[in-house]
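*Asks:* Shown below is the structure under consideration.
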Amino acid sequence: MKKILAIETSCDETSIAVLTTDYTVLSHVINTQIKHFEDLGGVVPEMASRLHEENLFVVYEQALKQASVTIDEIDVIAVTTGPGLIGSLLCGVNFAKTLAKIHNLKLIAVNHMQAHIHALNLEYEVSYPLLTLVVSGGHTMLVVSNHKDHFEVVGQTLDDAVGECFDKVARILGLGYPGGPKIQSIASSNVTSYQLPMPKNDNTLDFSFSGLKSACMNLTNQYKMKQIEIDKADFAASFQDVATEILVKKLVMAAKQYQIFNVAIVGGVSANLVLQQKVKAVFSDCLVPSLIYSTDNAAMIGARAISMLEHEKELNLVNANPNLKVDDNG
Ligand code: KG4
Ligand code: ZN
C-alpha cells in the first residue's frame with residue numbers, strides 16, 4: 001500500500017491530506033481563509049495567494065504530524081493544477097514540485113473538478129455509469145462517467161455558476177461570504193413569498209443563472225427605491241428554492257436522457273440541505289459527500305490521485321492551468 005500526500009490550494013482553502021491507496025485518510029488539515037474574506041463579499045485573489053504562502057508549510061507539518069508519518073514514508077505527491085485562481089494554484093504547485101524534487105518523489109497533477117467527483121470514493125463504493133451534478137463556486141455541470149477515469153460534460157452553465165449566484169445574492173442581502181451557508185441558515189423558516197423567475201432555456205441540459213441573479217438585484221433595488229424593507233429570511237428562502245429547483249430539474253432531465261439513475265451531487269453547493277432533500281426525493285440513493293468532502297479539501301485530491309498512480313509526470317510538465325477542463329487530466 002502506498003502513501004499519498006495531497007495538496008489543494010485552488011481557491012481560498014490551504015489543505016493537505018495524507019492517504020493510503022485504499023482511500024484511508026490518515027490526516028486531513030484544512031486551513032480556510034474565509035474569515036479574511038467574510039466582510040469583503042468574496043475572495044481577493046492577491047490576498048488568497050499571500051495567505052497560501054503563509055500557511056502552506058504550517059499545514060504541511062500538521063498533516064504529517066497528525067498522520068504520524070515523516071516525508072520519507074510518503075510515496076507520491078498529488079497536487080491540484082487547475083482549474084482555479086492562478087496565483088493560488090501556483091502556490092500549491094510550486095510547493096509540491098519543490099517537495100518532490102528534494103525528496104525524489106513521484107508527482108501527480110490532479111484536476112480539481114475530477115477530484116470533487118472522486119471525493120465520493122472516500123465514503124462510498126461508487127458504481128458506474130454515474131451521473132454527477134457538480135455544483136461549486138466556479139462550476140455548474142452535469143457529468144457522465146462510464147468508469148472511474150471518464151468525465152463527459154453533458155450540460156453546463158452558460159453564464160454564472162450556482163455557487164457564485166448564492167454568493168452574489170448573499171452579498172445583496174448583506175449576509176457576507178461565502179453566501180451558500182449564510183443563505184441556507186437564514187432561510188430556515190422556509191417562507192418563500194418573493195416571486196423569482198425560472199430560467200427559460202428549458203429543453204437543454206445547460207444551466208443559466210444570470211437571469212435569476214439579475215432578478216434578485218432588480219427586485220431588491222426596487223424595494224430599496226420604494227423604501228420597503230426586505231424580509232431577508234423570506235428572500236433567501238425564495239432564491240434558494242428557485243436555484244435548487246433548476247438544479248434538480250436538469251439532473252432529472254439528464255438522468256432520463258442518458259438512462260442513468262445512479263446519481264451523485266458534489267462540490268460546495270452539494271452541502272445545501274434543501275438541494276439534498278429535493279434530489280433525494282427523486283433519487284433516494286443519491287450519493288452526497290459529507291460536508292468536509294464537499295467543499296474544497298485535499299483528501300479529494302488524494303482520492304483522485306489513487307486511480308492515477310501510473311500517471312506520474314516529469315516536474316517540468318506539471319504546471320498550473322486556471323482554465324483546465326473537466327475531461328483534461330491535470
Ligand atoms: O467547491 P467549493 O468549496 O469551491 C469551489 O471549487 O468553487 O464551492 C464553494 C461554493 C461557494 O459558492 C459557497 O457559497 C457554496 O459552495 N456553498 C453552498 C453551501 N456551502 C457552500 N451553497 C449553498 N448551500 C450551502 N450550504
Ligand atoms: Zn472546488
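Identifiers in this document derive from the order of the C-alpha cells: chains are assigned A, B, ..., residues are numbered from 1 separately in each chain, and ligands are numbered from 1 in order of occurrence.
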Residues at most 7 Å from Asn31 of chain A, counting only C-alpha atoms, excluding those fewer than 2 positions away in the same chain, as a PyMOL selection string?
*Replies:* chain A and resi 13-15+29+33
*Asks:* Hey, what does DSSP flag as helix (DSSP H, G or I) within segment 1-191 of chain A? Can you give it to me as an MDAnalysis selection string?
*Replies:* chainID A and resid 34:40 45:67 71:73 86:103 112:122 162:172 179:189
*Asks:* Residues of segment 228-249 of chain A that approach segment 174-184 of chain A to 12 Å or less, counting only C-alpha atoms: could you list each one with the shortest pair of atoms and its distance in Å to one decimal, rows by chain and increasing residue number, as a tab-separated table?
*Replies:*
```
residue	atom	partner	partner_atom	distance
A:Ile230	CA	A:Gly174	CA	11.4
A:Lys232	CA	A:Ile183	CA	9.1
A:Ala233	CA	A:Ile183	CA	8.0
A:Asp234	CA	A:Ile183	CA	10.2
A:Phe235	CA	A:Ile183	CA	9.2
A:Ala236	CA	A:Ile183	CA	5.5
A:Ala237	CA	A:Ile183	CA	7.4
A:Ser238	CA	A:Ile183	CA	10.2
A:Phe239	CA	A:Ile183	CA	8.8
A:Gln240	CA	A:Ile183	CA	7.4
A:Asp241	CA	A:Gln184	CA	10.3
A:Ala243	CA	A:Gly180	CA	11.2
A:Thr244	CA	A:Gln184	CA	11.4
```
*Asks:* Using only C-alpha atoms, determine which residues lie at most 9 Å from Ala17 of chain A, disregarding the query and same-chain residues fewer than 3 positions distant; provide the list as a PyMOL selection string.
*Replies:* chain A and resi 4-8+25-30+60+63-64+67+297-302
*Asks:* Using only C-alpha atoms, please write the residues we just selected to a file, as an mmCIF file, in the first residue's frame.
*Replies:*
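The resulting file, result19.cif, is shown below:
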```cif
data_model
loop_
_atom_site.group_PDB
_atom_site.id
_atom_site.type_symbol
_atom_site.label_atom_id
_atom_site.label_comp_id
_atom_site.auth_asym_id
_atom_site.auth_seq_id
_atom_site.Cartn_x
_atom_site.Cartn_y
_atom_site.Cartn_z
ATOM 1 C CA ILE A 4 -0.038 9.889 -0.849
ATOM 2 C CA LEU A 5 0.487 13.446 0.336
ATOM 3 C CA ALA A 6 -2.186 15.568 -1.368
ATOM 4 C CA ILE A 7 -2.137 19.354 -1.697
ATOM 5 C CA GLU A 8 -5.062 21.662 -2.549
ATOM 6 C CA VAL A 25 -7.448 9.243 5.245
ATOM 7 C CA LEU A 26 -4.582 9.328 7.777
ATOM 8 C CA SER A 27 -4.707 13.084 8.231
ATOM 9 C CA HIS A 28 -6.590 15.977 6.743
ATOM 10 C CA VAL A 29 -5.818 19.625 7.505
ATOM 11 C CA ILE A 30 -7.909 22.434 6.037
ATOM 12 C CA TYR A 60 2.198 20.531 5.700
ATOM 13 C CA ALA A 63 -0.657 16.961 8.135
ATOM 14 C CA LEU A 64 2.490 14.835 8.569
ATOM 15 C CA ALA A 67 -0.738 11.117 10.220
ATOM 16 C CA ASN A 297 -10.322 19.838 0.554
ATOM 17 C CA ALA A 298 -7.093 17.932 -0.082
ATOM 18 C CA ALA A 299 -8.470 14.452 0.708
ATOM 19 C CA MET A 300 -10.415 14.541 -2.563
ATOM 20 C CA ILE A 301 -7.202 15.442 -4.423
ATOM 21 C CA GLY A 302 -5.575 12.356 -2.940
#
```
*Asks:* Please extract the residues at most 10 Å from ligand 2, counting only C-alpha atoms and all ligand atoms, and provide them as a PyMOL selection string, using the chain letters and residue numbers of this document.
*Replies:* chain A and resi 8-13+82-84+112-116+134-139+266-269+293-297+300
*Asks:* Find the residue from A:Ser88, A:Gln156, A:Asn262, A:Ser210 that sits nearest to Leu287 of chain A; use only C-alpha atoms when measuring.
*Replies:*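 Among the listed residues, the smallest separation from Leu287 of chain A belongs to A:Asn262.
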*Asks:* What gap, in Å, lies between atom CA of Gly163 of chain A and atom CA of Ala119 of chain A?
*Replies:*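 Value for the atom CA of Gly163 of chain A-atom CA of Ala119 of chain A distance: 18.3 Å.
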